[in-house]
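To be precise, the following lines are data-v8.pdb, and they hold PDB, C-alpha atoms.
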```
ATOM      1  CA  MET J  10     194.360  66.563 142.602
ATOM      2  CA  SER J  11     190.912  66.413 144.176
ATOM      3  CA  ASN J  12     189.081  69.321 145.767
ATOM      4  CA  LYS J  13     189.813  68.101 149.260
ATOM      5  CA  ALA J  14     193.512  67.948 148.645
ATOM      6  CA  ASN J  15     193.440  71.373 147.089
ATOM      7  CA  THR J  16     191.703  72.865 150.089
ATOM      8  CA  ILE J  17     194.197  71.490 152.585
ATOM      9  CA  HIS J  18     196.979  72.437 150.247
ATOM     10  CA  ASN J  19     195.993  76.077 150.346
ATOM     11  CA  SER J  20     194.778  76.387 153.903
ATOM     12  CA  LEU J  21     197.792  74.993 155.731
ATOM     13  CA  PRO J  22     201.026  76.952 155.839
ATOM     14  CA  CYS J  23     202.823  73.798 154.741
ATOM     15  CA  ASP J  24     202.180  74.368 151.049
ATOM     16  CA  ARG J  25     205.824  75.158 150.696
ATOM     17  CA  ASP J  26     208.624  72.657 151.072
ATOM     18  CA  PHE J  27     209.919  73.388 154.544
ATOM     19  CA  SER J  28     212.520  70.653 154.518
ATOM     20  CA  LYS J  29     214.797  73.246 153.012
ATOM     21  CA  LYS J  30     215.195  76.630 154.590
ATOM     22  CA  SER J  31     213.063  78.936 152.545
ATOM     23  CA  PHE J  32     214.410  82.220 153.751
ATOM     24  CA  LYS J  33     214.047  85.286 151.596
ATOM     25  CA  LEU J  34     217.805  85.456 151.310
ATOM     26  CA  THR J  35     218.172  82.159 149.487
ATOM     27  CA  GLN J  36     215.584  83.227 146.971
ATOM     28  CA  GLN J  37     217.194  86.579 146.567
ATOM     29  CA  LYS J  38     219.242  86.632 143.395
ATOM     30  CA  ASP J  39     221.334  89.603 144.431
ATOM     31  CA  LYS J  40     224.704  87.896 144.627
ATOM     32  CA  LYS J  41     226.663  90.978 145.630
ATOM     33  CA  GLY J  42     224.371  91.669 148.578
ATOM     34  CA  ARG J  43     224.697  88.108 149.804
ATOM     35  CA  ILE J  44     228.473  88.190 149.602
ATOM     36  CA  ILE J  45     228.586  91.465 151.560
ATOM     37  CA  LEU J  46     226.290  89.956 154.217
ATOM     38  CA  THR J  47     228.495  86.853 154.343
ATOM     39  CA  VAL J  48     231.622  88.935 154.915
ATOM     40  CA  ILE J  49     229.917  90.935 157.697
ATOM     41  CA  ALA J  50     228.641  87.765 159.375
ATOM     42  CA  SER J  51     232.111  86.218 159.035
ATOM     43  CA  LEU J  52     233.565  89.034 161.107
ATOM     44  CA  PHE J  53     231.405  87.845 164.022
ATOM     45  CA  VAL J  54     232.590  84.263 163.501
ATOM     46  CA  GLY J  55     236.134  85.523 164.041
ATOM     47  CA  VAL J  56     235.129  87.415 167.178
ATOM     48  CA  ALA J  57     233.458  84.301 168.654
ATOM     49  CA  ASN J  58     236.511  82.215 167.843
ATOM     50  CA  GLY J  59     239.061  84.664 169.191
ATOM     51  CA  LEU J  60     237.150  85.989 172.187
ATOM     52  CA  PHE J  61     235.379  82.846 173.407
ATOM     53  CA  GLY J  62     237.690  80.199 171.958
ATOM     54  CA  GLY J  63     234.832  78.330 170.338
ATOM     55  CA  GLY J  64     231.336  78.444 168.976
ATOM     56  CA  GLY J  65     232.442  79.887 165.664
ATOM     57  CA  GLY J  66     231.506  76.676 163.879
ATOM     58  CA  MET J  67     227.908  76.941 164.969
ATOM     59  CA  LEU J  68     227.738  80.401 163.430
ATOM     60  CA  VAL J  69     229.379  79.255 160.194
ATOM     61  CA  ILE J  70     226.723  76.604 159.470
ATOM     62  CA  PRO J  71     223.830  79.099 159.025
ATOM     63  CA  ILE J  72     226.079  81.373 156.959
ATOM     64  CA  PHE J  73     226.772  78.487 154.590
ATOM     65  CA  THR J  74     223.215  77.154 154.428
ATOM     66  CA  ILE J  75     221.184  80.381 154.470
ATOM     67  CA  LEU J  76     223.446  82.955 152.851
ATOM     68  CA  LEU J  77     225.445  80.790 150.456
ATOM     69  CA  GLY J  78     222.857  78.064 149.892
ATOM     70  CA  LEU J  79     225.100  75.081 150.632
ATOM     71  CA  GLU J  80     223.636  71.694 151.429
ATOM     72  CA  GLU J  81     223.683  70.755 155.125
ATOM     73  CA  LYS J  82     226.335  68.009 154.788
ATOM     74  CA  LEU J  83     228.597  70.135 152.629
ATOM     75  CA  ALA J  84     228.096  73.033 155.054
ATOM     76  CA  HIS J  85     229.264  70.873 157.982
ATOM     77  CA  SER J  86     232.403  69.582 156.271
ATOM     78  CA  SER J  87     233.250  73.065 154.972
ATOM     79  CA  ALA J  88     232.650  74.614 158.409
ATOM     80  CA  ILE J  89     235.315  72.434 160.028
ATOM     81  CA  LEU J  90     237.886  73.527 157.440
ATOM     82  CA  THR J  91     236.809  77.167 157.905
ATOM     83  CA  ILE J  92     237.372  77.057 161.656
ATOM     84  CA  LEU J  93     240.732  75.258 161.330
ATOM     85  CA  PRO J  94     242.856  78.310 160.355
ATOM     86  CA  LEU J  95     240.983  80.487 162.869
ATOM     87  CA  SER J  96     241.672  78.094 165.745
ATOM     88  CA  LEU J  97     245.280  77.741 164.624
ATOM     89  CA  VAL J  98     245.887  81.496 164.692
ATOM     90  CA  SER J  99     243.844  82.207 167.850
ATOM     91  CA  GLY J 100     245.435  79.178 169.531
ATOM     92  CA  ILE J 101     248.904  80.567 168.850
ATOM     93  CA  VAL J 102     247.875  83.950 170.331
ATOM     94  CA  TYR J 103     246.522  82.187 173.448
ATOM     95  CA  ILE J 104     249.711  80.121 173.817
ATOM     96  CA  VAL J 105     251.919  83.213 173.415
ATOM     97  CA  GLN J 106     249.843  85.019 176.058
ATOM     98  CA  GLY J 107     250.490  82.117 178.424
ATOM     99  CA  ASN J 108     246.965  80.740 178.682
ATOM    100  CA  PHE J 109     247.753  77.202 177.568
ATOM    101  CA  SER J 110     248.892  74.687 180.179
ATOM    102  CA  ILE J 111     250.806  71.864 178.496
ATOM    103  CA  PRO J 112     249.853  68.697 180.409
ATOM    104  CA  ASP J 113     246.145  69.502 180.803
ATOM    105  CA  GLY J 114     245.787  70.649 177.217
ATOM    106  CA  LEU J 115     247.437  67.545 175.820
ATOM    107  CA  TRP J 116     245.216  65.177 177.805
ATOM    108  CA  VAL J 117     242.072  66.944 176.652
ATOM    109  CA  GLY J 118     243.426  67.112 173.098
ATOM    110  CA  GLY J 119     243.974  63.356 173.042
ATOM    111  CA  GLY J 120     240.422  62.851 174.271
ATOM    112  CA  VAL J 121     239.066  65.201 171.608
ATOM    113  CA  ILE J 122     240.773  63.202 168.830
ATOM    114  CA  ILE J 123     239.312  59.921 170.115
ATOM    115  CA  GLY J 124     235.891  61.502 170.601
ATOM    116  CA  GLY J 125     236.054  63.226 167.228
ATOM    117  CA  LEU J 126     236.624  59.940 165.420
ATOM    118  CA  ILE J 127     233.805  58.274 167.377
ATOM    119  CA  GLY J 128     231.549  61.206 166.533
ATOM    120  CA  THR J 129     232.414  61.130 162.839
ATOM    121  CA  PHE J 130     232.063  57.391 162.284
ATOM    122  CA  VAL J 131     230.002  55.713 164.966
ATOM    123  CA  MET J 132     227.586  58.341 166.180
ATOM    124  CA  LYS J 133     226.644  59.726 162.779
ATOM    125  CA  LYS J 134     223.486  57.627 162.705
ATOM    126  CA  LEU J 135     222.341  59.055 166.031
ATOM    127  CA  SER J 136     222.583  62.626 164.816
ATOM    128  CA  ASN J 137     218.865  63.352 164.834
ATOM    129  CA  ASN J 138     216.728  66.226 166.002
ATOM    130  CA  VAL J 139     215.959  64.756 169.434
ATOM    131  CA  LEU J 140     219.673  64.524 170.155
ATOM    132  CA  LYS J 141     220.138  68.091 168.957
ATOM    133  CA  ILE J 142     217.447  69.356 171.325
ATOM    134  CA  VAL J 143     219.116  67.471 174.217
ATOM    135  CA  PHE J 144     222.438  69.030 173.253
ATOM    136  CA  TYR J 145     221.058  72.570 173.045
ATOM    137  CA  THR J 146     219.320  72.094 176.391
ATOM    138  CA  LEU J 147     222.689  71.103 177.876
ATOM    139  CA  MET J 148     224.201  74.205 176.302
ATOM    140  CA  ILE J 149     221.623  76.469 177.951
ATOM    141  CA  ILE J 150     222.129  74.671 181.302
ATOM    142  CA  ALA J 151     225.902  75.091 180.925
ATOM    143  CA  GLY J 152     225.436  78.801 180.254
ATOM    144  CA  VAL J 153     223.184  79.262 183.281
ATOM    145  CA  SER J 154     225.568  77.235 185.508
ATOM    146  CA  THR J 155     228.459  79.406 184.395
ATOM    147  CA  LEU J 156     226.483  82.518 185.329
ATOM    148  CA  VAL J 157     225.542  81.004 188.708
ATOM    149  CA  LYS J 158     229.165  80.115 189.361
ATOM    150  CA  ASN J 159     230.208  83.706 188.624
ATOM    151  CA  PHE J 160     227.552  85.416 190.689
ATOM    152  CA  GLY J 161     226.784  82.857 193.360
ATOM    153  CA  GLY J 162     230.428  82.277 194.283
TER     154      GLY J 162
ATOM    155  CA  MET H   3     241.916  61.007 188.539
ATOM    156  CA  GLN H   4     242.201  64.525 187.142
ATOM    157  CA  ILE H   5     243.942  63.158 184.031
ATOM    158  CA  PHE H   6     241.161  60.634 183.495
ATOM    159  CA  LEU H   7     238.529  63.377 183.812
ATOM    160  CA  LEU H   8     240.404  65.630 181.375
ATOM    161  CA  ILE H   9     240.531  62.844 178.784
ATOM    162  CA  LEU H  10     236.858  62.074 179.397
ATOM    163  CA  ALA H  11     235.934  65.755 178.937
ATOM    164  CA  GLY H  12     237.905  65.717 175.671
ATOM    165  CA  ILE H  13     236.114  62.597 174.445
ATOM    166  CA  ILE H  14     232.668  64.091 175.163
ATOM    167  CA  GLY H  15     233.614  67.366 173.447
ATOM    168  CA  GLY H  16     235.142  65.444 170.544
ATOM    169  CA  ILE H  17     232.084  63.258 169.972
ATOM    170  CA  ILE H  18     229.815  66.289 169.802
ATOM    171  CA  GLY H  19     232.325  68.132 167.612
ATOM    172  CA  GLY H  20     232.680  65.153 165.281
ATOM    173  CA  MET H  21     228.923  64.999 164.927
ATOM    174  CA  GLY H  22     229.090  68.600 163.744
ATOM    175  CA  MET H  23     227.248  70.223 166.609
ATOM    176  CA  GLY H  24     229.999  72.460 167.988
ATOM    177  CA  GLY H  25     231.927  70.488 170.588
ATOM    178  CA  GLY H  26     233.743  73.503 171.967
ATOM    179  CA  THR H  27     230.579  75.090 173.203
ATOM    180  CA  LEU H  28     230.184  72.168 175.601
ATOM    181  CA  LEU H  29     233.865  71.339 176.234
ATOM    182  CA  ILE H  30     234.648  74.789 177.660
ATOM    183  CA  PRO H  31     231.855  74.758 180.305
ATOM    184  CA  ILE H  32     232.692  71.130 181.237
ATOM    185  CA  LEU H  33     236.284  72.213 181.888
ATOM    186  CA  THR H  34     235.367  75.336 183.851
ATOM    187  CA  ILE H  35     232.405  73.988 185.850
ATOM    188  CA  PHE H  36     233.528  70.434 186.692
ATOM    189  CA  LEU H  37     237.306  70.606 186.470
ATOM    190  CA  ASN H  38     237.829  74.167 187.722
ATOM    191  CA  VAL H  39     239.988  75.114 184.750
ATOM    192  CA  PRO H  40     240.173  78.941 184.436
ATOM    193  CA  GLN H  41     238.023  80.353 181.619
ATOM    194  CA  LYS H  42     240.942  81.562 179.475
ATOM    195  CA  ASN H  43     242.808  78.266 179.840
ATOM    196  CA  ALA H  44     239.677  76.306 178.908
ATOM    197  CA  GLN H  45     239.316  78.438 175.790
ATOM    198  CA  ALA H  46     242.961  77.893 174.875
ATOM    199  CA  ILE H  47     242.621  74.130 175.392
ATOM    200  CA  ASN H  48     239.528  74.061 173.187
ATOM    201  CA  LEU H  49     241.231  75.968 170.379
ATOM    202  CA  VAL H  50     244.379  73.849 170.398
ATOM    203  CA  ALA H  51     242.575  70.524 170.908
ATOM    204  CA  PHE H  52     240.348  71.260 167.916
ATOM    205  CA  ILE H  53     243.278  71.548 165.469
ATOM    206  CA  PRO H  54     244.443  67.890 165.139
ATOM    207  CA  MET H  55     240.829  66.675 165.187
ATOM    208  CA  ALA H  56     239.868  69.148 162.455
ATOM    209  CA  ILE H  57     242.821  68.096 160.275
ATOM    210  CA  ILE H  58     241.914  64.396 160.520
ATOM    211  CA  VAL H  59     238.193  64.987 159.982
ATOM    212  CA  THR H  60     238.889  67.321 157.027
ATOM    213  CA  ILE H  61     241.101  64.728 155.302
ATOM    214  CA  ILE H  62     238.267  62.213 155.701
ATOM    215  CA  ASN H  63     235.647  64.763 154.585
ATOM    216  CA  ILE H  64     237.508  65.670 151.377
ATOM    217  CA  LYS H  65     236.959  62.112 150.192
ATOM    218  CA  ARG H  66     233.566  61.437 151.728
ATOM    219  CA  LYS H  67     231.523  64.597 151.472
ATOM    220  CA  GLY H  68     233.555  67.155 149.588
ATOM    221  CA  ILE H  69     234.264  70.719 150.638
ATOM    222  CA  ASP H  70     233.153  73.986 149.061
ATOM    223  CA  TYR H  71     236.513  75.766 149.017
ATOM    224  CA  LYS H  72     235.171  79.059 147.630
ATOM    225  CA  SER H  73     232.745  79.418 150.530
ATOM    226  CA  VAL H  74     235.448  78.418 153.015
ATOM    227  CA  LEU H  75     237.736  81.163 151.721
ATOM    228  CA  LEU H  76     234.959  83.762 151.669
ATOM    229  CA  VAL H  77     234.196  83.188 155.361
ATOM    230  CA  ALA H  78     237.654  82.297 156.686
ATOM    231  CA  ALA H  79     239.490  85.343 155.285
ATOM    232  CA  PRO H  80     237.488  88.099 157.043
ATOM    233  CA  ALA H  81     237.012  85.924 160.150
ATOM    234  CA  LEU H  82     240.766  85.441 160.424
ATOM    235  CA  VAL H  83     241.270  89.202 160.873
ATOM    236  CA  THR H  84     238.722  89.581 163.679
ATOM    237  CA  SER H  85     239.789  86.363 165.387
ATOM    238  CA  VAL H  86     243.374  87.599 165.772
ATOM    239  CA  ILE H  87     242.207  91.012 167.022
ATOM    240  CA  SER H  88     239.773  89.520 169.548
ATOM    241  CA  ALA H  89     242.260  86.880 170.700
ATOM    242  CA  LEU H  90     244.731  89.690 171.405
ATOM    243  CA  LEU H  91     242.016  91.594 173.305
ATOM    244  CA  VAL H  92     241.440  88.632 175.652
ATOM    245  CA  ARG H  93     244.505  89.665 177.698
ATOM    246  CA  LYS H  94     242.806  92.930 178.614
ATOM    247  CA  ILE H  95     239.536  91.322 179.692
ATOM    248  CA  SER H  96     239.191  89.831 183.187
ATOM    249  CA  SER H  97     238.467  86.107 183.431
ATOM    250  CA  LYS H  98     235.184  86.852 185.192
ATOM    251  CA  ALA H  99     233.932  89.258 182.520
ATOM    252  CA  LEU H 100     234.948  86.793 179.816
ATOM    253  CA  SER H 101     233.206  83.959 181.603
ATOM    254  CA  ILE H 102     229.969  85.956 181.923
ATOM    255  CA  GLY H 103     230.164  86.980 178.259
ATOM    256  CA  PHE H 104     230.707  83.369 177.244
ATOM    257  CA  ALA H 105     227.746  82.223 179.350
ATOM    258  CA  ILE H 106     225.433  84.744 177.678
ATOM    259  CA  PHE H 107     226.791  83.704 174.263
ATOM    260  CA  LEU H 108     226.044  80.042 175.116
ATOM    261  CA  ILE H 109     222.495  80.778 176.247
ATOM    262  CA  ILE H 110     221.659  82.882 173.166
ATOM    263  CA  LEU H 111     223.194  80.262 170.846
ATOM    264  CA  GLY H 112     221.424  77.405 172.647
ATOM    265  CA  VAL H 113     218.006  79.076 172.561
ATOM    266  CA  THR H 114     218.346  80.116 168.896
ATOM    267  CA  MET H 115     219.462  76.668 167.767
ATOM    268  CA  MET H 116     216.760  75.003 169.833
ATOM    269  CA  ILE H 117     214.020  77.132 168.252
ATOM    270  CA  ASP H 118     215.469  76.458 164.796
ATOM    271  CA  THR H 119     215.576  72.682 165.362
ATOM    272  CA  MET H 120     212.030  72.614 166.757
ATOM    273  CA  ARG H 121     210.799  74.653 163.802
ATOM    274  CA  LYS H 122     212.374  72.151 161.412
ATOM    275  CA  CYS H 123     210.771  69.259 163.340
ATOM    276  CA  ILE H 124     207.332  70.852 163.171
ATOM    277  CA  TYR H 125     207.615  71.641 159.469
ATOM    278  CA  ALA H 126     208.868  68.153 158.667
ATOM    279  CA  TYR H 127     205.898  66.733 160.593
ATOM    280  CA  MET H 128     203.455  69.049 158.822
ATOM    281  CA  ASN H 129     204.811  68.078 155.418
ATOM    282  CA  LYS H 130     204.453  64.409 156.338
ATOM    283  CA  CYS H 131     200.840  64.982 157.448
ATOM    284  CA  LYS H 132     200.041  66.856 154.256
ATOM    285  CA  GLU H 133     201.436  64.095 152.079
ATOM    286  CA  GLU H 134     199.582  61.406 154.009
ATOM    287  CA  TYR H 135     196.374  63.384 153.744
ATOM    288  CA  ILE H 136     196.738  63.777 149.988
ATOM    289  CA  HIS H 137     197.721  60.127 149.483
ATOM    290  CA  ASN H 138     194.859  58.829 151.578
ATOM    291  CA  ASP H 139     192.381  60.916 149.684
TER     292      ASP H 139
END
```
What is this file in structure tokens?
Amino acid sequence: MSNKANTIHNSLPCDRDFSKKSFKLTQQKDKKGRIILTVIASLFVGVANGLFGGGGGMLVIPIFTILLGLEEKLAHSSAILTILPLSLVSGIVYIVQGNFSIPDGLWVGGGVIIGGLIGTFVMKKLSNNVLKIVFYTLMIIAGVSTLVKNFGG
Amino acid sequence: MQIFLLILAGIIGGIIGGMGMGGGTLLIPILTIFLNVPQKNAQAINLVAFIPMAIIVTIINIKRKGIDYKSVLLVAAPALVTSVISALLVRKISSKALSIGFAIFLIILGVTMMIDTMRKCIYAYMNKCKEEYIHND
């Protein structure tokens, strides 16, 4: 490597490979500590799933990638299976408490299956960072709208 | 018309969920804001609607991408305990309080994920620049 390349290599903060998350935790070899952290973080996943009826999956992804060092694709497929039993159990509690209306729920459920298959097969190629930023923007707007609806009447 | 809108809301939530970006986080506000479904009912719909989709996608994923069962068990077991407890607590929380809590949760999640994605974009771009610079040298 020439001098010039060496200089830029050392002066920019991109001398590490940032394509992977290089958090301290992934480098940390303390396996016990990581497992304890995972269990604690998992408790919050359960709270999100039970209390808010969703959003647990988004919390599971960083647990898998940062704390347990799974690859992004493997983390996504494992996250869906992780949330499945949680939704099943919480769903039953919601149904027993009388919060599930049969016709509405079934229509939405049918739509989710169709959309889910489209998302898994067709839209996979579109899953880039720009789309993610659009999606997170929508999420923030949805949050603000919900607040406005609660306080603004 | 309402039925059509409910199916449409499901499809939008499903597409985002299938892409692995957390469909529920958008399906619930669509249901409450546009279709006037009460917060608790929207949450119940999201939980139940996720189940068949998750089963189908998991069956496909087992063959296509594989699943890390050890990690699944490590996270699912403790989460299962708190999810039951918090689902039982929902009855004691008013719909309004729950809705406000959910909104704050959405905003925090959205902002955090947005920053994380932007950070990844910038780093990916910097790495590309660095490589080009070294190659052109």
Exercise. Do you know which residues are at most 8 Å from Met148 of chain J counting only C-alpha atoms, after dropping those on the same chain fewer than 6 positions away, and could you put them as a PyMOL selection string?
Worked result: chain H and resi 27-28+108-109+112
Exercise. What is the distance, in Å and to one decimal place, between atom CA of Ser85 of chain H and atom CA of Asn108 of chain J?
Worked result: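 So the two atoms, atom CA of Ser85 of chain H and atom CA of Asn108 of chain J, lie 16.1 Å apart.
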Exercise. For the atom pair atom CA of Phe130 of chain J and atom CA of Ile17 of chain H, what is the interatomic distance in Å to one decimal place?
Worked result: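 So the two atoms, atom CA of Phe130 of chain J and atom CA of Ile17 of chain H, lie 9.7 Å apart.
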For this session: Determine, counting only C-alpha atoms, which protein, DNA and RNA residues have an atom within 9 Å of an atom of Leu93 of chain J; residues of the same chain fewer than 5 positions away are not included. Present the result as JSON, numbers by chain.
Result: {"J": [88, 98], "H": [52, 53, 56, 57, 78]}
Do you have, as a tab-separated table, the list of residues of segment 11-85 of chain H lying at most 12 Å from segment 73-76 of chain J, each with its nearest atom pair and that distance in Å to one decimal, counting all atoms listed in the file and ordered by chain then number?
```
residue	atom	partner	partner_atom	distance
H:Ile69	CA	J:Phe73	CA	11.5
H:Asp70	CA	J:Phe73	CA	9.6
H:Tyr71	CA	J:Phe73	CA	11.5
H:Lys72	CA	J:Phe73	CA	10.9
H:Ser73	CA	J:Phe73	CA	7.3
H:Val74	CA	J:Phe73	CA	8.8
H:Leu75	CA	J:Phe73	CA	11.6
H:Leu76	CA	J:Phe73	CA	10.2
H:Val77	CA	J:Phe73	CA	8.8
H:Ala78	CA	J:Phe73	CA	11.7
```
Excluding Ile150 of chain J and any residue of its chain fewer than 3 positions from it, enumerate the residues within 10 Å of it, using only C-alpha atoms, and give them as an mmCIF file with C-alpha atoms, in the frame of the given file.
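Writing done, so here's selection_23.cif:
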```
data_model
loop_
_atom_site.group_PDB
_atom_site.id
_atom_site.type_symbol
_atom_site.label_atom_id
_atom_site.label_comp_id
_atom_site.auth_asym_id
_atom_site.auth_seq_id
_atom_site.Cartn_x
_atom_site.Cartn_y
_atom_site.Cartn_z
ATOM 1 C CA PHE J 144 222.438 69.030 173.253
ATOM 2 C CA TYR J 145 221.058 72.570 173.045
ATOM 3 C CA THR J 146 219.320 72.094 176.391
ATOM 4 C CA LEU J 147 222.689 71.103 177.876
ATOM 5 C CA VAL J 153 223.184 79.262 183.281
ATOM 6 C CA SER J 154 225.568 77.235 185.508
ATOM 7 C CA THR J 155 228.459 79.406 184.395
ATOM 8 C CA LEU J 156 226.483 82.518 185.329
ATOM 9 C CA PRO H 31 231.855 74.758 180.305
ATOM 10 C CA ALA H 105 227.746 82.223 179.350
ATOM 11 C CA LEU H 108 226.044 80.042 175.116
ATOM 12 C CA ILE H 109 222.495 80.778 176.247
ATOM 13 C CA GLY H 112 221.424 77.405 172.647
#
```
Would you fill out segment 56-74 of chain H with N, CA, C and O atoms and return it as a short mmCIF file (atom, residue, chain, number, x, y, z; two decimals), in the coordinates of the input?
```cif
data_model
loop_
_atom_site.label_atom_id
_atom_site.label_comp_id
_atom_site.auth_asym_id
_atom_site.auth_seq_id
_atom_site.Cartn_x
_atom_site.Cartn_y
_atom_site.Cartn_z
N ALA H 56 240.38 68.53 163.68
CA ALA H 56 239.87 69.15 162.46
C ALA H 56 240.67 68.70 161.23
O ALA H 56 240.10 68.49 160.16
N ILE H 57 241.99 68.53 161.40
CA ILE H 57 242.82 68.10 160.28
C ILE H 57 242.41 66.69 159.85
O ILE H 57 242.15 66.42 158.66
N ILE H 58 242.29 65.78 160.84
CA ILE H 58 241.91 64.40 160.52
C ILE H 58 240.53 64.34 159.87
O ILE H 58 240.34 63.73 158.81
N VAL H 59 239.56 65.03 160.50
CA VAL H 59 238.19 64.99 159.98
C VAL H 59 238.12 65.61 158.59
O VAL H 59 237.40 65.11 157.71
N THR H 60 238.90 66.68 158.35
CA THR H 60 238.89 67.32 157.03
C THR H 60 239.44 66.39 155.95
O THR H 60 238.86 66.29 154.86
N ILE H 61 240.54 65.67 156.27
CA ILE H 61 241.10 64.73 155.30
C ILE H 61 240.05 63.67 154.93
O ILE H 61 239.86 63.34 153.76
N ILE H 62 239.32 63.20 155.96
CA ILE H 62 238.27 62.21 155.70
C ILE H 62 237.14 62.85 154.88
O ILE H 62 236.64 62.26 153.92
N ASN H 63 236.76 64.08 155.24
CA ASN H 63 235.65 64.76 154.58
C ASN H 63 235.91 65.06 153.11
O ASN H 63 234.99 65.02 152.30
N ILE H 64 237.18 65.36 152.77
CA ILE H 64 237.51 65.67 151.38
C ILE H 64 237.08 64.51 150.48
O ILE H 64 236.52 64.70 149.40
N LYS H 65 237.32 63.29 150.99
CA LYS H 65 236.96 62.11 150.19
C LYS H 65 235.48 61.76 150.30
O LYS H 65 234.85 61.36 149.32
N ARG H 66 234.94 61.92 151.51
CA ARG H 66 233.57 61.44 151.73
C ARG H 66 232.48 62.42 151.31
O ARG H 66 231.51 62.05 150.68
N LYS H 67 232.63 63.66 151.69
CA LYS H 67 231.52 64.60 151.47
C LYS H 67 231.87 65.75 150.54
O LYS H 67 231.00 66.40 150.00
N GLY H 68 233.16 66.01 150.39
CA GLY H 68 233.56 67.16 149.59
C GLY H 68 233.51 68.43 150.41
O GLY H 68 232.87 68.48 151.46
N ILE H 69 234.21 69.44 149.94
CA ILE H 69 234.26 70.72 150.64
C ILE H 69 234.11 71.83 149.61
O ILE H 69 234.66 71.75 148.51
N ASP H 70 233.33 72.85 149.96
CA ASP H 70 233.15 73.99 149.06
C ASP H 70 234.22 75.03 149.38
O ASP H 70 234.03 75.88 150.26
N TYR H 71 235.35 74.94 148.67
CA TYR H 71 236.51 75.77 149.02
C TYR H 71 236.26 77.27 148.85
O TYR H 71 236.77 78.07 149.61
N LYS H 72 235.47 77.64 147.85
CA LYS H 72 235.17 79.06 147.63
C LYS H 72 234.49 79.65 148.85
O LYS H 72 234.86 80.72 149.33
N SER H 73 233.48 78.94 149.36
CA SER H 73 232.74 79.42 150.53
C SER H 73 233.65 79.47 151.75
O SER H 73 233.57 80.40 152.56
N VAL H 74 234.52 78.46 151.88
CA VAL H 74 235.45 78.42 153.01
C VAL H 74 236.31 79.67 153.01
O VAL H 74 236.44 80.35 154.03
#
```
